[in-house]
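*Asks:* First the structure, which I've put down as structure tokens, then a few questions once you've had a look.
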Amino acid sequence: MIYLDNAATTYPKPQSVRRALGSAAMYSANPGRSGHSLAMKAGENIYSCRVKAAEMFGAKSPENVIFTPGCTYSCNMVIKGLLKSGDHVVVSDMEHNAVMRPLKAMTQRGVTYTAARVASDNDETISNFREALRSSTRLVICTHVSNVWGIRLPVERLAALCRQYGILFMTDAAQSAGVFEINASESGFDFVCIPAHKGLYGTMGTGLLIVSDPQLLSTIIEGGTGSGSISLSQPDFPPDKFESGTPNYPGICALSAGLDFVKTTGIGRIHSKEISLLSELYDRLSANRNVILYTKRPDIRSCGGVMSFNVGDLGSEQCAEYLSKRGIAVRAGLHCAPLAHEHFRTEKRGAVRIAPSYFTNFNEIVTLSRVIAGM
Ligand code: PLP
């Protein structure tokens, strides 16, 4: 199979990740719950992953790294743990439903929001966000890279704008973690939401929340942490405050190996490889008059490893089915991001999304463009 659905989850995983997953599933005890050696070893492995993640994403300390069941969960922790009735939020018009649905749910509790239009020019995007701010704006949320169009958004500049007005800033790094350098502390990101299973090459059901000040958030779930068990109140110190219940130990071990893989391979190298494959595809598709491209040629400065298109007047699902029958895996439809599709007026037919990974090769891109040429 030619797998080009890496924006959904990366496949294949590096061998080191598969090994770490298998060994954690086979040889482990519950971390932080008991004092015997197997449990202690598991606790050490979790801490080691926390340290690696803190380093990679510029968290203030390992305790500012929270393990979660995924990026969606991380987004919910911020939106539901922070916002109160009367708060206003500004989001981009490229957000995933991992942001939009919890935010919409919070409108039932008196939260309001405004979607700011992402422009092709970053200055204009910043000015659209600035105009959307109100005196009640508590939080600005902007995805780092659009999961449909691959466009990189000016999150560092938006964070600086927020700092000027004393507003908190969250970025959804689902499509950028492992592809762009992220330093939460230097960039002034208050919250960074990250899945383990995409550009970090970990497994599904694991994620991270990097938080600048853990006291900003209330908990959205409570439970056993293995610490302070005499008290019926949730611990108020991180990470225990936010990590109730037995953690996804195999997922965290896989993430730890994934972080090593990304670090040793090099974020820049992974990104360049994906962009060179996408720009090759873009050139080939541009020469095909039947293909509709919506965005500019992918480049390293302003794009992540995702692009989308349509073919003639075919529905995107039909096109994906045609490719699937020929052994090519892509994702069609709306990609859980209806606003991003409204932006380019593709909300009716969706679009066909191509997302390579570090393991995709040039010949696979050539084959894809040839199959599309034959449609
Ligand atoms: N945000 C964006 C931009 C995404 O692309 C995705 C998943 O595709 C998510 C959030 C949700 O990630 P997860 O399904 O790992 O929770």
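Chain labels A, B, ... are given in the sequence in which chains occur in the structure tokens; within each chain residues are numbered consecutively from 1, and ligands are likewise numbered from 1 in the order shown.
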Give me, as an mmCIF file with all heavy atoms, in the first residue's frame, the set of residues whose atoms come within 6 Å of any atom of ligand 1, counting only C-alpha atoms and all ligand atoms.

*Replies:*
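part_17.cif was written with the following content:
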data_model
loop_
_atom_site.group_PDB
_atom_site.id
_atom_site.type_symbol
_atom_site.label_atom_id
_atom_site.label_comp_id
_atom_site.auth_asym_id
_atom_site.auth_seq_id
_atom_site.Cartn_x
_atom_site.Cartn_y
_atom_site.Cartn_z
ATOM 1 N N ALA A 8 -3.564 11.788 9.530
ATOM 2 C CA ALA A 8 -4.512 11.112 10.429
ATOM 3 C C ALA A 8 -3.734 10.360 11.507
ATOM 4 O O ALA A 8 -4.021 10.474 12.698
ATOM 5 C CB ALA A 8 -5.407 10.169 9.643
ATOM 6 N N GLY A 70 -4.790 12.193 24.195
ATOM 7 C CA GLY A 70 -4.702 12.646 22.800
ATOM 8 C C GLY A 70 -4.833 14.152 22.708
ATOM 9 O O GLY A 70 -5.084 14.849 23.689
ATOM 10 N N CYS A 71 -4.663 14.645 21.487
ATOM 11 C CA CYS A 71 -4.709 16.090 21.264
ATOM 12 C C CYS A 71 -6.112 16.652 21.547
ATOM 13 O O CYS A 71 -6.262 17.732 22.122
ATOM 14 C CB CYS A 71 -4.300 16.364 19.822
ATOM 15 S SG CYS A 71 -4.105 18.086 19.458
ATOM 16 N N THR A 72 -7.143 15.897 21.166
ATOM 17 C CA THR A 72 -8.522 16.340 21.420
ATOM 18 C C THR A 72 -8.731 16.536 22.920
ATOM 19 O O THR A 72 -9.322 17.529 23.362
ATOM 20 C CB THR A 72 -9.521 15.273 20.909
ATOM 21 O OG1 THR A 72 -9.273 15.080 19.518
ATOM 22 C CG2 THR A 72 -10.960 15.678 21.139
ATOM 23 N N HIS A 96 -9.754 22.772 13.906
ATOM 24 C CA HIS A 96 -10.285 21.394 13.877
ATOM 25 C C HIS A 96 -11.440 21.321 14.881
ATOM 26 O O HIS A 96 -11.517 22.110 15.822
ATOM 27 C CB HIS A 96 -9.134 20.488 14.317
ATOM 28 C CG HIS A 96 -9.366 19.025 14.172
ATOM 29 N ND1 HIS A 96 -10.012 18.283 15.126
ATOM 30 C CD2 HIS A 96 -9.014 18.153 13.189
ATOM 31 C CE1 HIS A 96 -10.038 17.012 14.754
ATOM 32 N NE2 HIS A 96 -9.442 16.901 13.572
ATOM 33 N N ALA A 98 -11.652 19.402 17.211
ATOM 34 C CA ALA A 98 -11.083 19.176 18.554
ATOM 35 C C ALA A 98 -11.124 20.473 19.351
ATOM 36 O O ALA A 98 -11.167 20.453 20.586
ATOM 37 C CB ALA A 98 -9.639 18.680 18.443
ATOM 38 N N ASN A 147 -4.798 21.324 9.215
ATOM 39 C CA ASN A 147 -4.789 19.884 8.917
ATOM 40 C C ASN A 147 -5.413 19.577 7.563
ATOM 41 O O ASN A 147 -5.414 18.433 7.131
ATOM 42 C CB ASN A 147 -5.521 19.085 10.011
ATOM 43 C CG ASN A 147 -7.013 19.339 10.013
ATOM 44 O OD1 ASN A 147 -7.450 20.477 10.021
ATOM 45 N ND2 ASN A 147 -7.813 18.289 10.007
ATOM 46 N N ASP A 172 -2.845 24.594 18.689
ATOM 47 C CA ASP A 172 -3.085 23.179 18.420
ATOM 48 C C ASP A 172 -1.961 22.738 17.482
ATOM 49 O O ASP A 172 -1.927 23.126 16.315
ATOM 50 C CB ASP A 172 -4.470 23.043 17.765
ATOM 51 C CG ASP A 172 -4.752 21.637 17.263
ATOM 52 O OD1 ASP A 172 -3.848 20.780 17.311
ATOM 53 O OD2 ASP A 172 -5.883 21.400 16.789
ATOM 54 N N ALA A 174 -1.247 19.756 16.417
ATOM 55 C CA ALA A 174 -1.475 18.387 15.934
ATOM 56 C C ALA A 174 -0.695 18.094 14.655
ATOM 57 O O ALA A 174 -0.205 16.987 14.463
ATOM 58 C CB ALA A 174 -2.960 18.143 15.708
ATOM 59 N N GLN A 175 -0.593 19.086 13.773
ATOM 60 C CA GLN A 175 0.077 18.827 12.496
ATOM 61 C C GLN A 175 1.473 19.434 12.432
ATOM 62 O O GLN A 175 2.108 19.389 11.379
ATOM 63 C CB GLN A 175 -0.788 19.368 11.330
ATOM 64 C CG GLN A 175 -2.159 18.742 11.239
ATOM 65 C CD GLN A 175 -2.135 17.235 10.966
ATOM 66 O OE1 GLN A 175 -1.138 16.695 10.481
ATOM 67 N NE2 GLN A 175 -3.221 16.551 11.284
ATOM 68 N N PRO A 195 -0.684 15.623 19.719
ATOM 69 C CA PRO A 195 -0.930 14.168 19.693
ATOM 70 C C PRO A 195 0.403 13.428 19.604
ATOM 71 O O PRO A 195 1.356 13.939 19.018
ATOM 72 C CB PRO A 195 -1.727 13.986 18.391
ATOM 73 C CG PRO A 195 -1.267 15.106 17.511
ATOM 74 C CD PRO A 195 -0.757 16.234 18.389
#

*Asks:* Looking only at the backbone, which of the residues in region 60-281 of chain A does DSSP tag as strand (DSSP E or B), as a PyMOL selection string?

*Replies:* chain A and resi 65-68+88-92+112-116+137-143+145+151-152+168-172+177+180+191-195+207-211

*Asks:* Can you pull out the residues contacting Met375 (chain A)? Cut-off 10 Å, using only C-alpha atoms, and skip same-chain residues under 4 positions away; I want them as a PyMOL selection string.

*Replies:* chain A and resi 290+311-312+314+319+322-323+370-371

*Asks:* If you run DSSP on this backbone, which residues of region 25-266 of chain A come out as alpha helix (DSSP H), and could you give them as a short mmCIF file (atom, residue, chain, number, x, y, z; two decimals) with N, CA and C atoms, in the first residue's frame?

*Replies:*
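Output file selection_34.cif is given in full below:
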data_model
loop_
_atom_site.label_atom_id
_atom_site.label_comp_id
_atom_site.auth_asym_id
_atom_site.auth_seq_id
_atom_site.Cartn_x
_atom_site.Cartn_y
_atom_site.Cartn_z
N ALA A 25 4.17 -3.26 26.82
CA ALA A 25 2.91 -4.00 27.00
C ALA A 25 3.16 -5.32 27.72
N MET A 26 4.35 -5.91 27.48
CA MET A 26 4.63 -7.23 28.03
C MET A 26 5.22 -7.19 29.44
N SER A 37 10.15 -3.03 42.21
CA SER A 37 11.07 -2.57 41.17
C SER A 37 10.39 -2.38 39.80
N LEU A 38 9.44 -3.26 39.48
CA LEU A 38 8.81 -3.15 38.15
C LEU A 38 7.99 -1.86 38.05
N ALA A 39 7.31 -1.52 39.16
CA ALA A 39 6.51 -0.28 39.17
C ALA A 39 7.43 0.94 39.15
N MET A 40 8.54 0.84 39.90
CA MET A 40 9.50 1.97 39.94
C MET A 40 10.10 2.20 38.56
N LYS A 41 10.41 1.11 37.86
CA LYS A 41 11.01 1.23 36.52
C LYS A 41 10.03 1.93 35.58
N ALA A 42 8.75 1.54 35.69
CA ALA A 42 7.73 2.17 34.84
C ALA A 42 7.65 3.67 35.14
N GLY A 43 7.70 4.02 36.44
CA GLY A 43 7.66 5.44 36.82
C GLY A 43 8.85 6.20 36.25
N GLU A 44 10.01 5.56 36.28
CA GLU A 44 11.22 6.22 35.72
C GLU A 44 11.07 6.43 34.22
N ASN A 45 10.53 5.43 33.53
CA ASN A 45 10.36 5.57 32.07
C ASN A 45 9.40 6.70 31.73
N ILE A 46 8.35 6.84 32.53
CA ILE A 46 7.39 7.92 32.29
C ILE A 46 8.08 9.27 32.52
N TYR A 47 8.85 9.34 33.59
CA TYR A 47 9.53 10.61 33.88
C TYR A 47 10.52 10.95 32.76
N SER A 48 11.21 9.92 32.27
CA SER A 48 12.19 10.16 31.20
C SER A 48 11.49 10.71 29.96
N CYS A 49 10.30 10.21 29.65
CA CYS A 49 9.55 10.71 28.49
C CYS A 49 9.13 12.17 28.75
N ARG A 50 8.74 12.45 29.99
CA ARG A 50 8.33 13.83 30.35
C ARG A 50 9.49 14.81 30.14
N VAL A 51 10.68 14.35 30.52
CA VAL A 51 11.87 15.22 30.37
C VAL A 51 12.15 15.46 28.89
N LYS A 52 12.07 14.39 28.09
CA LYS A 52 12.33 14.53 26.64
C LYS A 52 11.33 15.48 26.00
N ALA A 53 10.05 15.34 26.39
CA ALA A 53 9.01 16.20 25.80
C ALA A 53 9.22 17.65 26.23
N ALA A 54 9.61 17.84 27.50
CA ALA A 54 9.85 19.21 28.00
C ALA A 54 10.97 19.85 27.18
N GLU A 55 12.00 19.06 26.90
CA GLU A 55 13.13 19.59 26.11
C GLU A 55 12.69 19.91 24.69
N MET A 56 11.98 18.97 24.07
CA MET A 56 11.62 19.18 22.66
C MET A 56 10.67 20.37 22.48
N PHE A 57 9.77 20.59 23.45
CA PHE A 57 8.76 21.63 23.25
C PHE A 57 8.96 22.86 24.13
N CYS A 71 -4.66 14.64 21.49
CA CYS A 71 -4.71 16.09 21.26
C CYS A 71 -6.11 16.65 21.55
N THR A 72 -7.14 15.90 21.17
CA THR A 72 -8.52 16.34 21.42
C THR A 72 -8.73 16.54 22.92
N TYR A 73 -8.23 15.59 23.69
CA TYR A 73 -8.38 15.66 25.14
C TYR A 73 -7.63 16.89 25.68
N SER A 74 -6.43 17.12 25.15
CA SER A 74 -5.64 18.28 25.59
C SER A 74 -6.41 19.58 25.32
N CYS A 75 -7.02 19.67 24.12
CA CYS A 75 -7.79 20.88 23.76
C CYS A 75 -8.97 21.05 24.74
N ASN A 76 -9.64 19.94 25.05
CA ASN A 76 -10.77 19.99 26.00
C ASN A 76 -10.32 20.43 27.38
N MET A 77 -9.13 19.97 27.79
CA MET A 77 -8.63 20.34 29.12
C MET A 77 -8.46 21.85 29.24
N VAL A 78 -7.99 22.47 28.16
CA VAL A 78 -7.79 23.92 28.21
C VAL A 78 -9.14 24.64 28.13
N ILE A 79 -9.93 24.28 27.14
CA ILE A 79 -11.18 25.02 26.89
C ILE A 79 -12.14 24.88 28.07
N LYS A 80 -12.22 23.67 28.62
CA LYS A 80 -13.17 23.44 29.73
C LYS A 80 -12.56 23.74 31.09
N GLY A 81 -11.23 23.65 31.18
CA GLY A 81 -10.59 23.89 32.47
C GLY A 81 -10.29 25.36 32.73
N LEU A 82 -10.40 26.17 31.68
CA LEU A 82 -10.02 27.58 31.82
C LEU A 82 -11.22 28.53 31.77
N ASN A 97 -12.29 20.33 14.72
CA ASN A 97 -13.40 20.15 15.68
C ASN A 97 -12.91 19.79 17.09
N ALA A 98 -11.65 19.40 17.21
CA ALA A 98 -11.08 19.18 18.55
C ALA A 98 -11.12 20.47 19.35
N VAL A 99 -11.12 21.60 18.65
CA VAL A 99 -11.25 22.92 19.28
C VAL A 99 -12.71 23.40 19.19
N MET A 100 -13.28 23.30 18.00
CA MET A 100 -14.58 23.94 17.77
C MET A 100 -15.72 23.28 18.56
N ARG A 101 -15.68 21.97 18.69
CA ARG A 101 -16.80 21.32 19.40
C ARG A 101 -16.80 21.60 20.90
N PRO A 102 -15.66 21.48 21.59
CA PRO A 102 -15.70 21.87 23.01
C PRO A 102 -16.04 23.35 23.18
N LEU A 103 -15.57 24.18 22.24
CA LEU A 103 -15.87 25.60 22.35
C LEU A 103 -17.36 25.85 22.16
N LYS A 104 -17.92 25.20 21.16
CA LYS A 104 -19.37 25.31 20.92
C LYS A 104 -20.13 24.83 22.17
N ALA A 105 -19.67 23.71 22.75
CA ALA A 105 -20.33 23.20 23.97
C ALA A 105 -20.26 24.24 25.09
N MET A 106 -19.16 24.98 25.16
CA MET A 106 -19.01 25.98 26.22
C MET A 106 -19.91 27.20 26.02
N THR A 107 -20.46 27.36 24.81
CA THR A 107 -21.40 28.49 24.62
C THR A 107 -22.65 28.27 25.48
N ASN A 122 0.43 37.22 6.26
CA ASN A 122 0.43 37.09 7.73
C ASN A 122 0.07 38.38 8.45
N ASP A 123 0.49 39.53 7.89
CA ASP A 123 0.15 40.82 8.53
C ASP A 123 -1.36 40.98 8.60
N GLU A 124 -2.01 40.57 7.50
CA GLU A 124 -3.47 40.70 7.46
C GLU A 124 -4.12 39.73 8.46
N THR A 125 -3.55 38.54 8.57
CA THR A 125 -4.09 37.57 9.55
C THR A 125 -4.00 38.15 10.96
N ILE A 126 -2.85 38.71 11.28
CA ILE A 126 -2.66 39.30 12.63
C ILE A 126 -3.69 40.41 12.85
N SER A 127 -3.87 41.22 11.80
CA SER A 127 -4.80 42.33 11.98
C SER A 127 -6.24 41.81 12.12
N ASN A 128 -6.59 40.72 11.44
CA ASN A 128 -7.93 40.14 11.62
C ASN A 128 -8.14 39.65 13.06
N PHE A 129 -7.09 39.06 13.62
CA PHE A 129 -7.18 38.61 15.02
C PHE A 129 -7.31 39.82 15.95
N ARG A 130 -6.50 40.85 15.68
CA ARG A 130 -6.53 42.03 16.56
C ARG A 130 -7.93 42.64 16.57
N GLU A 131 -8.52 42.73 15.38
CA GLU A 131 -9.87 43.32 15.30
C GLU A 131 -10.92 42.49 16.03
N ALA A 132 -10.68 41.18 16.13
CA ALA A 132 -11.67 40.30 16.79
C ALA A 132 -11.59 40.35 18.31
N VAL A 155 1.74 31.73 14.54
CA VAL A 155 1.39 31.57 15.96
C VAL A 155 2.32 32.34 16.90
N GLU A 156 3.59 32.48 16.51
CA GLU A 156 4.52 33.21 17.40
C GLU A 156 4.08 34.68 17.48
N ARG A 157 3.69 35.24 16.34
CA ARG A 157 3.25 36.65 16.33
C ARG A 157 1.92 36.81 17.07
N LEU A 158 1.07 35.81 16.94
CA LEU A 158 -0.22 35.89 17.65
C LEU A 158 0.00 35.82 19.16
N ALA A 159 0.94 34.97 19.57
CA ALA A 159 1.23 34.87 21.02
C ALA A 159 1.76 36.21 21.52
N ALA A 160 2.59 36.87 20.71
CA ALA A 160 3.14 38.18 21.12
C ALA A 160 2.02 39.21 21.22
N LEU A 161 1.09 39.14 20.28
CA LEU A 161 -0.07 40.06 20.32
C LEU A 161 -0.86 39.83 21.62
N CYS A 162 -1.08 38.56 21.95
CA CYS A 162 -1.84 38.23 23.16
C CYS A 162 -1.14 38.75 24.40
N ARG A 163 0.18 38.59 24.42
CA ARG A 163 0.94 39.06 25.60
C ARG A 163 0.73 40.55 25.81
N GLN A 164 0.71 41.29 24.69
CA GLN A 164 0.49 42.75 24.74
C GLN A 164 -0.81 43.11 25.45
N TYR A 165 -1.83 42.26 25.23
CA TYR A 165 -3.16 42.56 25.79
C TYR A 165 -3.48 41.74 27.04
N ALA A 184 7.66 26.44 23.56
CA ALA A 184 6.52 27.08 24.23
C ALA A 184 6.96 28.27 25.08
N SER A 185 8.05 28.11 25.84
CA SER A 185 8.47 29.19 26.74
C SER A 185 8.96 30.40 25.95
N GLU A 186 9.85 30.16 24.96
CA GLU A 186 10.39 31.28 24.18
C GLU A 186 9.31 31.98 23.38
N SER A 187 8.34 31.21 22.88
CA SER A 187 7.32 31.81 22.01
C SER A 187 6.14 32.36 22.80
N TYR A 249 0.67 3.55 29.78
CA TYR A 249 2.12 3.33 29.86
C TYR A 249 2.73 2.87 28.53
N PRO A 250 2.12 1.88 27.85
CA PRO A 250 2.71 1.49 26.56
C PRO A 250 2.75 2.66 25.57
N GLY A 251 1.68 3.47 25.57
CA GLY A 251 1.63 4.64 24.67
C GLY A 251 2.73 5.64 25.01
N ILE A 252 2.98 5.82 26.31
CA ILE A 252 4.01 6.79 26.71
C ILE A 252 5.41 6.26 26.35
N CYS A 253 5.60 4.95 26.50
CA CYS A 253 6.90 4.37 26.10
C CYS A 253 7.10 4.49 24.59
N ALA A 254 6.01 4.29 23.83
CA ALA A 254 6.10 4.43 22.37
C ALA A 254 6.41 5.89 22.03
N LEU A 255 5.77 6.82 22.74
CA LEU A 255 6.03 8.24 22.49
C LEU A 255 7.49 8.58 22.80
N SER A 256 8.00 8.00 23.88
CA SER A 256 9.38 8.26 24.27
C SER A 256 10.33 7.85 23.14
N ALA A 257 10.06 6.68 22.56
CA ALA A 257 10.89 6.21 21.44
C ALA A 257 10.66 7.09 20.21
N GLY A 258 9.42 7.56 20.03
CA GLY A 258 9.11 8.45 18.90
C GLY A 258 9.85 9.77 19.03
N LEU A 259 9.92 10.30 20.26
CA LEU A 259 10.64 11.56 20.48
C LEU A 259 12.13 11.37 20.16
N ASP A 260 12.67 10.21 20.55
CA ASP A 260 14.08 9.93 20.22
C ASP A 260 14.26 9.87 18.71
N PHE A 261 13.31 9.21 18.04
CA PHE A 261 13.40 9.07 16.58
C PHE A 261 13.41 10.45 15.91
N VAL A 262 12.49 11.31 16.34
CA VAL A 262 12.38 12.65 15.73
C VAL A 262 13.65 13.45 16.01
N LYS A 263 14.16 13.33 17.25
CA LYS A 263 15.35 14.10 17.62
C LYS A 263 16.57 13.64 16.82
N THR A 264 16.75 12.32 16.72
CA THR A 264 17.95 11.85 16.01
C THR A 264 17.82 12.04 14.50
N THR A 265 16.62 11.90 13.98
CA THR A 265 16.44 12.12 12.53
C THR A 265 16.59 13.60 12.22
#

*Asks:* Which residue out of A:Glu243, A:Asp87, A:Asp299, A:Glu317 has the minimum interatomic distance to Gly207 (chain A) when only C-alpha atoms are used?

*Replies:*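 When distances to Gly207 (chain A) are compared using only C-alpha atoms, the smallest one comes from A:Glu243.
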
*Asks:* Rank nothing, just name the residue among A:Arg134, A:Arg331, A:His341, A:His197 nearest to Gln318 (chain A), using only C-alpha atoms.

*Replies:*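 Under the stated criterion, the closest residue is A:Arg331.
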
*Asks:* What does the distance between CA of Asp240 (chain A) and CA of Gly188 (chain A) come to in Å, to one decimal place?

*Replies:* 23.7 Å
